[in-house]
>>> print(open('input36.txt').read())   # compact mmCIF, C-alpha atoms
# COMPACT_ATOMS: atom_id res chain seq x y z
CA MET A 1 0.00 0.00 0.00
CA ASN A 2 1.47 3.36 -0.92
CA ALA A 3 1.99 6.13 1.58
CA LYS A 4 -0.74 8.39 0.21
CA LEU A 5 -3.43 5.72 0.48
CA LYS A 6 -2.30 4.90 3.99
CA GLU A 7 -2.57 8.58 4.90
CA THR A 8 -6.11 8.63 3.41
CA ILE A 9 -7.15 5.82 5.73
CA LEU A 10 -5.30 6.77 8.93
CA ASN A 11 -5.68 10.55 8.90
CA PRO A 12 -9.47 10.63 9.57
CA ILE A 13 -9.18 8.14 12.42
CA PHE A 14 -6.94 10.28 14.61
CA LYS A 15 -5.03 13.27 13.28
CA GLY A 16 -7.88 14.67 11.20
CA ASN A 17 -10.78 13.10 13.05
CA PRO A 18 -14.05 14.55 11.71
CA ILE A 19 -15.56 15.05 15.18
CA THR A 20 -12.69 16.13 17.38
CA VAL A 21 -10.60 18.06 14.84
CA LEU A 22 -12.99 19.17 12.09
CA VAL A 23 -15.90 19.38 14.61
CA LEU A 24 -18.44 17.95 12.16
CA GLY A 25 -21.33 15.64 13.04
CA ILE A 26 -21.54 16.83 16.64
CA CYS A 27 -25.34 16.84 16.88
CA SER A 28 -25.91 13.17 16.19
CA SER A 29 -23.01 12.19 18.42
CA LEU A 30 -24.90 13.80 21.32
CA ALA A 31 -28.16 12.08 20.50
CA VAL A 32 -27.26 8.46 19.91
CA THR A 33 -24.60 7.79 22.52
CA VAL A 34 -26.76 6.81 25.49
CA THR A 35 -26.21 3.10 24.82
CA LEU A 36 -23.25 1.30 23.23
CA LYS A 37 -25.52 -0.83 21.05
CA GLY A 38 -27.19 2.21 19.53
CA ALA A 39 -23.85 3.95 19.00
CA LEU A 40 -22.40 0.86 17.31
CA VAL A 41 -25.32 0.53 14.88
CA MET A 42 -25.20 4.28 14.17
CA ALA A 43 -21.44 4.08 13.57
CA LEU A 44 -21.79 1.18 11.12
CA SER A 45 -24.64 2.96 9.34
CA VAL A 46 -22.60 6.14 8.92
CA ILE A 47 -19.57 4.15 7.71
CA ALA A 48 -21.75 2.45 5.08
CA VAL A 49 -23.32 5.75 3.97
CA THR A 50 -20.07 7.75 3.76
CA GLY A 51 -18.21 4.92 2.01
CA LEU A 52 -20.85 4.08 -0.58
CA SER A 53 -21.87 7.68 -1.36
CA SER A 54 -18.23 8.66 -1.85
CA LEU A 55 -17.72 5.67 -4.15
CA VAL A 56 -20.82 6.32 -6.29
CA LEU A 57 -20.22 10.06 -6.58
CA SER A 58 -16.57 9.52 -7.42
CA LEU A 59 -17.64 7.21 -10.26
CA LEU A 60 -20.05 9.89 -11.50
CA ARG A 61 -17.71 12.84 -10.85
CA ASN A 62 -16.89 13.66 -14.48
CA THR A 63 -20.50 13.56 -15.65
CA ILE A 64 -22.19 15.63 -12.92
CA PRO A 65 -23.40 19.03 -14.19
CA GLY A 66 -21.67 21.70 -12.09
CA ARG A 67 -24.76 23.76 -11.40
CA VAL A 68 -26.77 20.92 -9.83
CA ARG A 69 -23.77 19.30 -8.14
CA ILE A 70 -25.13 19.57 -4.59
CA ILE A 71 -28.59 18.32 -5.61
CA VAL A 72 -27.11 15.23 -7.27
CA GLN A 73 -25.01 14.59 -4.15
CA LEU A 74 -28.08 14.93 -1.95
CA VAL A 75 -30.10 12.50 -4.06
CA VAL A 76 -27.36 9.86 -3.90
CA VAL A 77 -26.74 10.33 -0.15
CA ALA A 78 -30.49 10.25 0.54
CA MET A 79 -30.76 6.98 -1.37
CA MET A 80 -27.97 5.41 0.70
CA VAL A 81 -29.55 6.59 3.95
CA ILE A 82 -32.96 5.19 3.00
CA LEU A 83 -31.36 1.88 1.98
CA VAL A 84 -29.61 1.60 5.36
CA ASP A 85 -32.83 2.46 7.19
CA GLN A 86 -34.84 -0.09 5.19
CA LEU A 87 -32.26 -2.80 5.83
CA LEU A 88 -32.15 -2.08 9.57
CA LYS A 89 -35.94 -2.33 9.69
CA SER A 90 -36.01 -5.67 7.92
CA PHE A 91 -33.69 -7.65 10.21
CA GLU A 92 -35.02 -9.04 13.48
CA ALA A 93 -31.79 -8.22 15.31
CA THR A 94 -31.71 -4.56 14.28
CA TYR A 95 -35.43 -3.70 14.21
CA ALA A 96 -35.58 -2.67 17.87
CA ILE A 97 -32.42 -0.58 17.54
CA ASP A 98 -33.80 1.13 14.46
CA ARG A 99 -36.91 2.05 16.45
CA GLN A 100 -34.70 3.36 19.25
CA LEU A 101 -32.52 5.44 16.91
CA SER A 102 -35.74 6.56 15.16
CA VAL A 103 -35.17 9.81 13.30
CA TYR A 104 -31.39 9.84 13.71
CA ILE A 105 -30.81 7.21 11.02
CA GLY A 106 -32.78 9.37 8.59
CA LEU A 107 -30.83 12.41 9.75
CA ILE A 108 -27.52 10.88 8.64
CA ILE A 109 -28.26 12.76 5.42
CA THR A 110 -27.73 16.03 7.25
CA ASN A 111 -24.48 14.80 8.80
CA CYS A 112 -21.87 17.26 7.59
CA ILE A 113 -19.23 14.54 7.33
CA VAL A 114 -20.99 12.84 4.41
CA MET A 115 -21.40 15.92 2.21
CA GLY A 116 -18.10 17.33 3.44
CA ARG A 117 -16.07 14.34 2.26
CA ILE A 118 -17.89 14.19 -1.07
CA GLU A 119 -17.20 17.85 -1.80
CA ALA A 120 -13.66 17.83 -0.47
CA PHE A 121 -12.47 14.44 -1.68
CA ALA A 122 -14.74 12.20 -3.77
CA LEU A 123 -15.41 14.75 -6.54
CA GLY A 124 -11.67 15.16 -7.17
CA ASN A 125 -10.33 11.65 -6.69
CA LYS A 126 -10.55 8.17 -8.20
CA PRO A 127 -13.20 5.72 -6.90
CA VAL A 128 -10.98 3.46 -4.74
CA PRO A 129 -9.31 6.22 -2.71
CA SER A 130 -12.75 7.89 -2.40
CA LEU A 131 -14.30 4.72 -1.02
CA LEU A 132 -11.45 4.37 1.49
CA ASP A 133 -11.70 8.04 2.44
CA GLY A 134 -15.44 7.68 3.04
CA LEU A 135 -15.06 4.50 5.09
CA ALA A 136 -12.19 5.96 7.14
CA ASN A 137 -14.09 9.15 7.92
CA GLY A 138 -17.12 7.12 8.95
CA ALA A 139 -14.84 5.03 11.15
CA GLY A 140 -13.28 8.14 12.72
CA TYR A 141 -16.79 9.35 13.56
CA GLY A 142 -17.79 5.90 14.82
CA LEU A 143 -14.73 5.60 17.04
CA ILE A 144 -15.58 8.80 18.94
CA LEU A 145 -19.24 7.75 19.13
CA ILE A 146 -18.27 4.45 20.75
CA ILE A 147 -15.86 6.06 23.22
CA VAL A 148 -18.55 8.53 24.31
CA ALA A 149 -21.22 5.81 24.47
CA PHE A 150 -18.91 3.57 26.54
CA PHE A 151 -18.68 6.17 29.31
CA ARG A 152 -22.32 7.27 29.08
CA GLU A 153 -23.71 3.75 29.31
CA LEU A 154 -21.24 2.72 32.02
CA LEU A 155 -21.80 5.77 34.24
CA GLY A 156 -25.42 6.50 33.27
CA SER A 157 -26.95 3.05 33.36
CA GLY A 158 -24.19 0.99 35.01
CA THR A 159 -24.22 -1.42 32.08
CA LEU A 160 -22.22 -2.17 28.91
CA PHE A 161 -24.14 -3.48 25.87
CA GLY A 162 -27.06 -3.90 28.28
CA ILE A 163 -25.08 -6.24 30.54
CA ASP A 164 -24.86 -5.23 34.19
CA VAL A 165 -21.35 -4.10 35.14
CA LEU A 166 -21.52 -1.54 37.94
CA LYS A 167 -25.07 -1.85 39.26
CA GLY A 168 -24.33 -5.18 40.96
CA LEU A 169 -21.56 -3.43 42.87
CA GLY A 170 -24.03 -0.97 44.34
CA TYR A 171 -23.35 1.86 41.88
CA VAL A 172 -26.04 4.55 41.87
CA THR A 173 -26.72 5.51 38.24
CA ASN A 174 -26.09 9.11 37.29
CA ASN A 175 -28.93 10.75 35.37
CA LEU A 176 -26.80 13.71 34.29
CA VAL A 177 -24.73 11.33 32.17
CA ILE A 178 -27.89 10.20 30.33
CA LEU A 179 -28.82 13.77 29.34
CA PRO A 180 -27.31 15.23 26.12
CA PRO A 181 -25.12 17.93 27.75
CA PHE A 182 -22.88 15.27 29.25
CA ALA A 183 -21.98 14.00 25.78
CA LEU A 184 -20.63 17.48 25.07
CA ILE A 185 -18.59 17.42 28.29
CA LEU A 186 -17.14 14.01 27.37
CA LEU A 187 -16.44 15.20 23.85
CA GLY A 188 -14.58 18.17 25.32
CA CYS A 189 -12.48 15.79 27.41
CA ILE A 190 -11.63 13.71 24.33
CA VAL A 191 -10.58 16.84 22.41
CA TRP A 192 -8.45 17.87 25.42
CA VAL A 193 -6.70 14.48 25.56
CA GLN A 194 -6.12 14.45 21.81
CA ARG A 195 -4.67 17.96 21.77
CA SER A 196 -2.31 17.27 24.62
CA ILE A 197 -0.94 14.24 22.73
CA GLN A 198 -0.89 15.98 19.36
CA LYS A 199 0.75 19.32 20.14
CA ASP A 200 0.48 20.78 16.61
CA LEU A 201 -3.32 21.07 16.99
CA GLN A 202 -2.92 23.53 19.88
CA GLU A 203 -3.56 27.12 18.99
CA LYS A 204 -0.85 29.52 20.03
CA MET B 1 -18.56 17.19 -23.39
CA ASN B 2 -20.22 20.32 -22.09
CA THR B 3 -21.82 19.32 -18.82
CA ASN B 4 -23.14 22.80 -18.18
CA ASN B 5 -25.80 23.31 -20.83
CA ASN B 6 -29.44 23.28 -19.78
CA GLY B 7 -30.55 20.25 -21.77
CA TYR B 8 -27.79 18.08 -20.34
CA THR B 9 -28.49 19.24 -16.81
CA ILE B 10 -32.21 18.52 -17.03
CA ILE B 11 -31.77 15.09 -18.64
CA TYR B 12 -29.01 14.15 -16.19
CA THR B 13 -31.03 15.01 -13.09
CA ALA B 14 -34.10 13.27 -14.52
CA ILE B 15 -32.14 10.06 -15.11
CA ILE B 16 -30.54 10.15 -11.64
CA VAL B 17 -33.89 10.66 -9.96
CA ILE B 18 -35.56 7.86 -11.95
CA VAL B 19 -32.73 5.41 -11.23
CA VAL B 20 -32.74 6.23 -7.51
CA ALA B 21 -36.55 5.95 -7.35
CA ALA B 22 -36.43 2.56 -9.09
CA VAL B 23 -33.76 1.22 -6.74
CA LEU B 24 -35.66 2.39 -3.67
CA ALA B 25 -38.98 1.00 -4.91
CA LEU B 26 -37.40 -2.40 -5.61
CA VAL B 27 -35.68 -2.56 -2.24
CA SER B 28 -38.80 -1.45 -0.41
CA GLN B 29 -40.90 -4.12 -2.15
CA GLY B 30 -38.27 -6.79 -1.57
CA LEU B 31 -37.96 -6.12 2.15
CA LYS B 32 -41.63 -5.50 2.84
CA ALA B 33 -42.47 -9.02 4.07
CA ASN B 34 -39.60 -9.00 6.59
CA GLN B 35 -40.46 -5.53 7.83
CA GLU B 36 -44.11 -6.44 8.31
CA ALA B 37 -43.16 -9.58 10.25
CA ASN B 38 -40.97 -7.46 12.51
CA GLU B 39 -43.69 -4.88 13.03
CA GLN B 40 -46.25 -7.58 13.80
CA ALA B 41 -43.98 -9.19 16.40
CA ASP B 42 -43.32 -5.74 17.88
CA VAL B 43 -47.05 -4.96 18.16
CA ILE B 44 -47.73 -8.38 19.72
CA SER B 45 -44.99 -7.96 22.30
CA GLN B 46 -46.30 -4.48 23.20
CA MET B 47 -49.79 -5.90 23.60
CA MET B 48 -48.59 -8.80 25.74
CA THR B 49 -46.49 -6.48 27.89
CA ALA B 50 -49.64 -4.45 28.53
CA ALA B 51 -51.49 -7.67 29.41
CA GLY B 52 -48.84 -8.36 32.07
CA TYR B 53 -46.75 -11.06 30.41
CA ASP B 54 -42.96 -11.28 30.20
CA VAL B 55 -42.41 -11.38 26.47
CA PRO B 56 -39.51 -13.48 25.10
CA GLU B 57 -37.11 -12.08 22.47
CA GLY B 58 -37.11 -13.11 18.83
CA ASN B 59 -40.04 -13.00 16.40
CA ALA B 60 -40.70 -16.76 16.43
CA ASN B 61 -40.75 -16.87 20.24
CA VAL B 62 -43.08 -13.88 20.40
CA LEU B 63 -45.54 -15.52 18.00
CA ASN B 64 -45.34 -18.77 19.97
CA ALA B 65 -46.00 -17.02 23.26
CA TYR B 66 -48.92 -15.19 21.64
CA SER B 67 -50.49 -18.33 20.23
CA GLU B 68 -50.28 -19.98 23.66
CA ARG B 69 -51.82 -17.05 25.54
CA ILE B 70 -54.42 -15.58 23.20
CA VAL B 71 -57.98 -16.69 23.81
CA ALA B 72 -59.89 -14.62 21.31
CA ALA B 73 -59.19 -11.76 18.93
CA TYR B 74 -61.99 -10.10 17.04
CA THR B 75 -63.39 -6.79 15.87
CA VAL B 76 -66.46 -5.09 17.28
CA ASP B 77 -68.63 -2.29 15.91
CA ALA B 78 -69.51 0.96 17.71
CA GLU B 79 -72.34 -0.84 19.55
CA GLY B 80 -69.90 -3.38 21.01
CA ARG B 81 -71.22 -6.22 18.81
CA LYS B 82 -68.72 -8.72 17.42
CA ILE B 83 -68.10 -8.39 13.67
CA ALA B 84 -65.31 -10.73 12.59
CA ASP B 85 -62.57 -12.95 13.98
CA LEU B 86 -58.96 -11.80 13.61
CA GLY B 87 -57.70 -15.39 13.93
CA THR B 88 -55.91 -16.57 17.03
CA VAL B 89 -52.84 -18.41 15.79
CA ASP B 90 -52.31 -18.40 12.07
CA PRO B 91 -53.06 -16.36 10.09
CA ILE B 92 -53.22 -13.51 12.58
CA GLU B 93 -54.25 -10.03 11.64
CA ILE B 94 -52.77 -7.54 14.07
CA PHE B 95 -53.83 -3.92 14.25
CA THR B 96 -50.60 -2.03 13.62
CA PRO B 97 -50.20 1.68 14.46
CA SER B 98 -50.95 2.61 10.83
CA GLN B 99 -54.26 0.71 10.97
CA LEU B 100 -55.08 2.37 14.30
CA LYS B 101 -54.41 5.72 12.65
CA ALA B 102 -57.08 4.92 10.04
CA ILE B 103 -59.62 4.51 12.87
CA TYR B 104 -58.31 7.51 14.82
CA LYS B 105 -58.43 10.15 12.08
CA PRO B 106 -62.18 10.15 11.28
CA ALA B 107 -63.03 9.63 14.96
CA ALA B 108 -60.92 12.63 16.04
CA ALA B 109 -62.42 14.74 13.24
CA ALA B 110 -65.93 13.80 14.40
CA VAL B 111 -65.12 14.71 18.00
CA ARG B 112 -63.72 18.09 16.93
CA ALA B 113 -66.90 18.75 14.94
CA GLY B 114 -68.95 17.93 18.03
CA GLU B 115 -70.41 14.76 16.51
CA LYS B 116 -70.41 11.20 17.75
CA PRO B 117 -67.67 9.15 16.06
CA ALA B 118 -68.90 6.06 14.20
CA PRO B 119 -65.99 3.64 13.84
CA GLU B 120 -66.58 0.64 11.61
CA ALA B 121 -64.43 -1.99 13.25
CA LEU B 122 -62.48 -1.88 16.53
CA PRO B 123 -60.05 -4.61 17.60
CA VAL B 124 -60.41 -6.52 20.87
CA PHE B 125 -57.84 -9.02 22.18
CA LYS B 126 -58.56 -11.41 25.06
CA PHE B 127 -55.73 -13.26 26.82
CA GLU B 128 -55.84 -16.35 29.00
CA ASN B 129 -55.07 -14.39 32.20
CA GLY B 130 -58.51 -12.82 31.83
CA THR B 131 -57.36 -9.47 30.49
CA THR B 132 -58.86 -7.66 27.52
CA VAL B 133 -56.37 -5.56 25.58
CA LEU B 134 -57.57 -2.47 23.73
CA PRO B 135 -55.46 -0.05 21.66
CA VAL B 136 -55.15 3.72 21.85
CA TYR B 137 -53.72 6.07 19.23
CA GLY B 138 -53.38 9.82 19.23
CA ALA B 139 -51.19 12.85 18.79
CA GLY B 140 -48.21 13.61 21.02
CA LEU B 141 -46.09 16.74 20.87
CA TRP B 142 -44.02 15.91 17.77
CA GLY B 143 -45.74 12.94 16.23
CA PRO B 144 -48.15 10.07 16.79
CA ILE B 145 -48.31 8.17 20.08
CA TRP B 146 -50.05 4.84 20.56
CA GLY B 147 -50.25 1.99 22.99
CA TYR B 148 -52.20 -0.87 24.47
CA ILE B 149 -54.13 -0.97 27.74
CA SER B 150 -55.34 -4.16 29.41
CA PHE B 151 -58.55 -4.34 31.41
CA LYS B 152 -60.47 -6.68 33.64
CA GLY B 153 -63.99 -5.27 33.51
CA ASN B 154 -63.41 -1.53 33.90
CA VAL B 155 -60.21 -1.85 35.97
CA ILE B 156 -56.91 -1.21 34.21
CA GLN B 157 -54.42 -4.07 34.63
CA GLY B 158 -51.48 -2.70 32.67
CA ALA B 159 -50.44 -0.35 29.90
CA TYR B 160 -47.71 -0.02 27.32
CA PHE B 161 -47.15 3.06 25.20
CA ASP B 162 -44.93 3.86 22.27
CA HIS B 163 -44.27 6.96 20.21
CA GLU B 164 -42.62 8.06 17.01
CA SER B 165 -40.63 11.11 18.02
CA GLU B 166 -41.39 12.42 21.51
CA THR B 167 -38.55 14.23 23.31
CA ALA B 168 -36.05 11.81 24.85
CA GLY B 169 -36.11 12.00 28.64
CA LEU B 170 -39.39 13.97 28.72
CA GLY B 171 -42.28 12.87 26.50
CA ALA B 172 -40.46 9.65 25.66
CA GLN B 173 -41.05 8.58 29.25
CA ILE B 174 -44.48 7.28 28.20
CA LYS B 175 -42.48 4.43 26.70
CA ASP B 176 -39.22 4.34 28.65
CA ASN B 177 -40.39 4.92 32.21
CA PRO B 178 -41.87 1.74 33.70
CA GLU B 179 -42.93 3.78 36.73
CA PHE B 180 -45.22 5.89 34.51
CA GLN B 181 -46.80 2.84 32.91
CA ALA B 182 -47.25 1.28 36.37
CA ARG B 183 -49.33 4.31 37.45
CA PHE B 184 -52.18 2.96 35.33
CA GLN B 185 -52.56 -0.28 37.25
CA GLY B 186 -55.75 -0.56 39.28
CA LYS B 187 -57.30 2.66 37.93
CA ILE B 188 -61.01 2.53 37.17
CA VAL B 189 -62.44 3.86 33.90
CA PHE B 190 -66.05 4.98 33.36
CA ALA B 191 -66.59 5.64 37.06
CA GLU B 192 -70.22 6.35 37.87
CA GLY B 193 -71.12 10.03 37.65
CA ALA B 194 -67.68 11.09 36.38
CA GLU B 195 -67.67 13.66 33.58
CA LYS B 196 -65.13 11.72 31.51
CA PRO B 197 -63.93 8.12 31.47
CA PHE B 198 -60.29 8.77 32.47
CA GLU B 199 -57.78 11.60 32.78
CA ILE B 200 -54.09 12.37 32.97
CA ALA B 201 -53.57 15.67 34.73
CA LYS B 202 -50.90 17.43 36.74
CA PRO B 203 -51.06 16.94 40.51
CA GLY B 204 -53.61 19.32 41.96
CA ALA B 205 -55.49 19.79 38.69
CA HIS B 206 -57.42 16.53 38.73
CA LYS B 207 -61.15 16.82 38.03
CA LEU B 208 -61.85 13.14 38.75
CA ALA B 209 -61.31 11.06 41.87
CA ALA B 210 -57.80 9.68 42.44
CA GLU B 211 -58.69 6.18 41.26
CA ASN B 212 -60.01 7.46 37.93
CA GLY B 213 -56.88 9.16 36.64
CA ILE B 214 -53.13 9.41 36.96
CA ASP B 215 -50.55 12.17 37.32
CA ALA B 216 -48.99 13.63 34.18
CA ILE B 217 -45.27 13.57 33.42
CA ALA B 218 -43.48 16.67 34.70
CA GLY B 219 -41.94 18.58 31.79
CA ALA B 220 -44.03 16.79 29.19
CA THR B 221 -47.31 18.67 29.33
CA MET B 222 -48.20 18.30 25.65
CA THR B 223 -47.38 14.61 25.47
CA SER B 224 -49.34 13.92 28.65
CA ALA B 225 -52.32 15.92 27.39
CA GLY B 226 -52.14 14.15 24.02
CA LEU B 227 -52.08 10.76 25.70
CA SER B 228 -54.97 11.75 27.97
CA ASP B 229 -57.04 12.87 24.96
CA ALA B 230 -56.17 9.70 23.08
CA ILE B 231 -57.25 7.47 25.96
CA VAL B 232 -60.49 9.39 26.47
CA LEU B 233 -61.24 9.24 22.74
CA TRP B 234 -60.61 5.50 22.44
CA LEU B 235 -62.48 4.68 25.64
CA GLY B 236 -65.37 6.63 24.12
CA LEU B 237 -65.22 4.46 21.00
CA TYR B 238 -65.31 1.32 23.15
CA GLU B 239 -67.93 2.66 25.59
CA ASN B 240 -70.64 0.23 24.48
CA LEU B 241 -68.26 -2.71 24.82
CA PHE B 242 -67.67 -1.77 28.46
CA LYS B 243 -71.42 -1.45 29.01
CA ALA B 244 -72.08 -4.79 27.31
CA GLU B 245 -69.57 -6.52 29.56
CA GLU B 246 -70.98 -5.23 32.82
>>> encode(input="input36.txt", output="structure tokens")
Amino acid sequence: MNAKLKETILNPIFKGNPITVLVLGICSSLAVTVTLKGALVMALSVIAVTGLSSLVLSLLRNTIPGRVRIIVQLVVVAMMVILVDQLLKSFEATYAIDRQLSVYIGLIITNCIVMGRIEAFALGNKPVPSLLDGLANGAGYGLILIIVAFFRELLGSGTLFGIDVLKGLGYVTNNLVILPPFALILLGCIVWVQRSIQKDLQEK
Amino acid sequence: MNTNNNGYTIIYTAIIVIVVAAVLALVSQGLKANQEANEQADVISQMMTAAGYDVPEGNANVLNAYSERIVAAYTVDAEGRKIADLGTVDPIEIFTPSQLKAIYKPAAAAVRAGEKPAPEALPVFKFENGTTVLPVYGAGLWGPIWGYISFKGNVIQGAYFDHESETAGLGAQIKDNPEFQARFQGKIVFAEGAEKPFEIAKPGAHKLAAENGIDAIAGATMTSAGLSDAIVLWLGLYENLFKAEE
């Protein structure tokens, strides 16, 4: 694998993470991180949508009329989102989670990461790097989602993936952790940790 | 190729939209059977939860549990007379939220116009523990809310509610807060001399006696009021059934 491709894959996971560095997709990361299961399904859905939309639009990139560029992107992204939603609804294992995530699956279309990567990368690059870029950005988003959900489920409900971890030890669940503002506090902590490791992100 | 002239742009967008529509229509048709099976199992487990059963996981297990516990399922007309069987084991016809909506809309319109609603067919489910499960459907703050309430005579045994998009932590408590659903147990509907069959009101604002209503959810006034209206409306539709059973 050449260095440029490797950079395409690794950059969005840490150094150029869409949530903590580009600060995109914050809203949904607050809403779906109460349970790990929900966060995991949301992360996989976003990975599928960003990867496939980047691939399709990269294949179409030379034919898209410039003046309706954004509309064409929206149509393709919307299709991917609806496909993911329909698939989640049709499997027994994911039906309940789809009901729990409700509108947030549909709102992936408004996730800035998807359109952002298409505009910034897929429309100017070949299909394979675009697919990888989309998948990696989805994964970078998913990683943060899962870290936040891990702490919120552990401290808020005393469980992990619905399995009792802390409650049996007499832990009193913390309702503040369940409420959306706490996701923002956790996110702030993650940004803090990342910036103290990666000094070049610090503003002088 | 000039991708910027008007003709090209119009034809291009038309083709994209038609292709996307075709793909989505195909997928939606292909997955419909699975989705309906999931929705049916979901409705059954909500109904059985309201009837006081512990519902197992997995569609097949839910259907099994249902076929073991259901005694009778049928529709009644506005007079409380039985119209048709819904089948008890297979094939079962379950009233899903979208079917409940079809009953709710004309009934709510009639109530607003000050007329008496005349529903054609209302579902009734009887389980082996002696409970009768009836549905409710109405409007919450952001979208539809619905649920199932189980009765023995005119005493509520249990309730389960669901919603499409109520606020998490506030209105969504009608589904997520077992304590709220437990408030319904033992309440009496259609109490003699009461001005309405049931109510959900904030503490201190109750018009009915304590056993004929429950406290609303703090911070979710609109959802509570919507649920209260929905229950009153549906109890009104079933009024003759309650009278017939006395």
>>> closest_residue(input="input36.txt", among="A:Gly138, A:Ile163, A:Ser130, A:Leu143", to="Thr8 of chain A", atoms="all atoms listed in the file")
A:Ser130
>>> atom_distance(input="input36.txt", atom1="atom CA of Asn111 of chain A", atom2="atom CA of Thr50 of chain A")
9.7 Å
>>> atom_distance(input="input36.txt", atom1="atom CA of Glu120 of chain B", atom2="atom CA of Thr75 of chain B")
9.1 Å
>>> atom_distance(input="input36.txt", atom1="atom CA of Asn62 of chain A", atom2="atom CA of Val114 of chain A")
19.3 Å
>>> interface_residues(input="input36.txt", of="chain B", to="chain A", cutoff="10 Å", atoms="all atoms listed in the file", output="MDAnalysis selection string")
chainID B and resid 1:6 8:10 12:13 16:17 20:21 23:24 27:28 30:39 41:42 57:59 163:165 168:169
>>> residues_near_point(input="input36.txt", point="(-45.8, 1.2, 25.4)", cutoff="7 Å", atoms="only C-alpha atoms", output="PyMOL selection string")
chain B and resi 46+147-148+159-162+174-175
>>> residues_around(input="input36.txt", residues="Gly116 of chain A", least_positions_apart="5", cutoff="12 Å", atoms="all atoms listed in the file", output="ChimeraX atom specification")
/A:18,22-25,50,53-54,70,73-74,77,109-111,121-123,133-134,137-138
>>> residues_around(input="input36.txt", residues="Ala183 of chain A", least_positions_apart="2", cutoff="10 Å", atoms="all atoms listed in the file", output="list in words")
Ile26, Cys27, Ser29, Leu30, Ala31, Val32, Thr33, Val34, Leu145, Val148, Ala149, Phe151, Arg152, Leu176, Val177, Ile178, Leu179, Pro180, Pro181, Ile185, Leu186, Leu187, Gly188 and Cys189 of chain A
>>> residues_around(input="input36.txt", residues="Ala225 of chain B", least_positions_apart="4", cutoff="10 Å", atoms="all atoms listed in the file", output="ChimeraX atom specification")
/B:139-141,199-202,216-217,220-221,229-231
>>> residues_around(input="input36.txt", residues="Asn240 of chain B", least_positions_apart="4", cutoff="7 Å", atoms="all atoms listed in the file", output="mmCIF file with C-alpha atoms, keeping the file's coordinate frame")
data_model
loop_
_atom_site.group_PDB
_atom_site.id
_atom_site.type_symbol
_atom_site.label_atom_id
_atom_site.label_comp_id
_atom_site.auth_asym_id
_atom_site.auth_seq_id
_atom_site.Cartn_x
_atom_site.Cartn_y
_atom_site.Cartn_z
ATOM 1 C CA ALA B 78 -69.510 0.960 17.710
ATOM 2 C CA GLU B 79 -72.340 -0.840 19.550
ATOM 3 C CA GLY B 80 -69.900 -3.380 21.010
ATOM 4 C CA ALA B 244 -72.080 -4.790 27.310
#
>>> residues_near_point(input="input36.txt", point="(-20.5, -0.3, 23.1)", cutoff="7 Å", atoms="only C-alpha atoms", output="JSON, numbers by chain")
{"A": [35, 36, 37, 39, 40, 146, 149, 150, 160, 161]}
>>> write_last_selection(input="input36.txt", atoms="C-alpha atoms", output="tab-separated table (two decimals), in the coordinates of the input")
chain	number	residue	atom	x	y	z
A	35	THR	CA	-26.21	3.10	24.82
A	36	LEU	CA	-23.25	1.30	23.23
A	37	LYS	CA	-25.52	-0.83	21.05
A	39	ALA	CA	-23.85	3.95	19.00
A	40	LEU	CA	-22.40	0.86	17.31
A	146	ILE	CA	-18.27	4.45	20.75
A	149	ALA	CA	-21.22	5.81	24.47
A	150	PHE	CA	-18.91	3.57	26.54
A	160	LEU	CA	-22.22	-2.17	28.91
A	161	PHE	CA	-24.14	-3.48	25.87
>>> closest_residue(input="input36.txt", among="B:Phe242, B:Tyr53, B:Tyr137, B:Phe180", to="Gln99 of chain B", atoms="only C-alpha atoms")
B:Tyr137
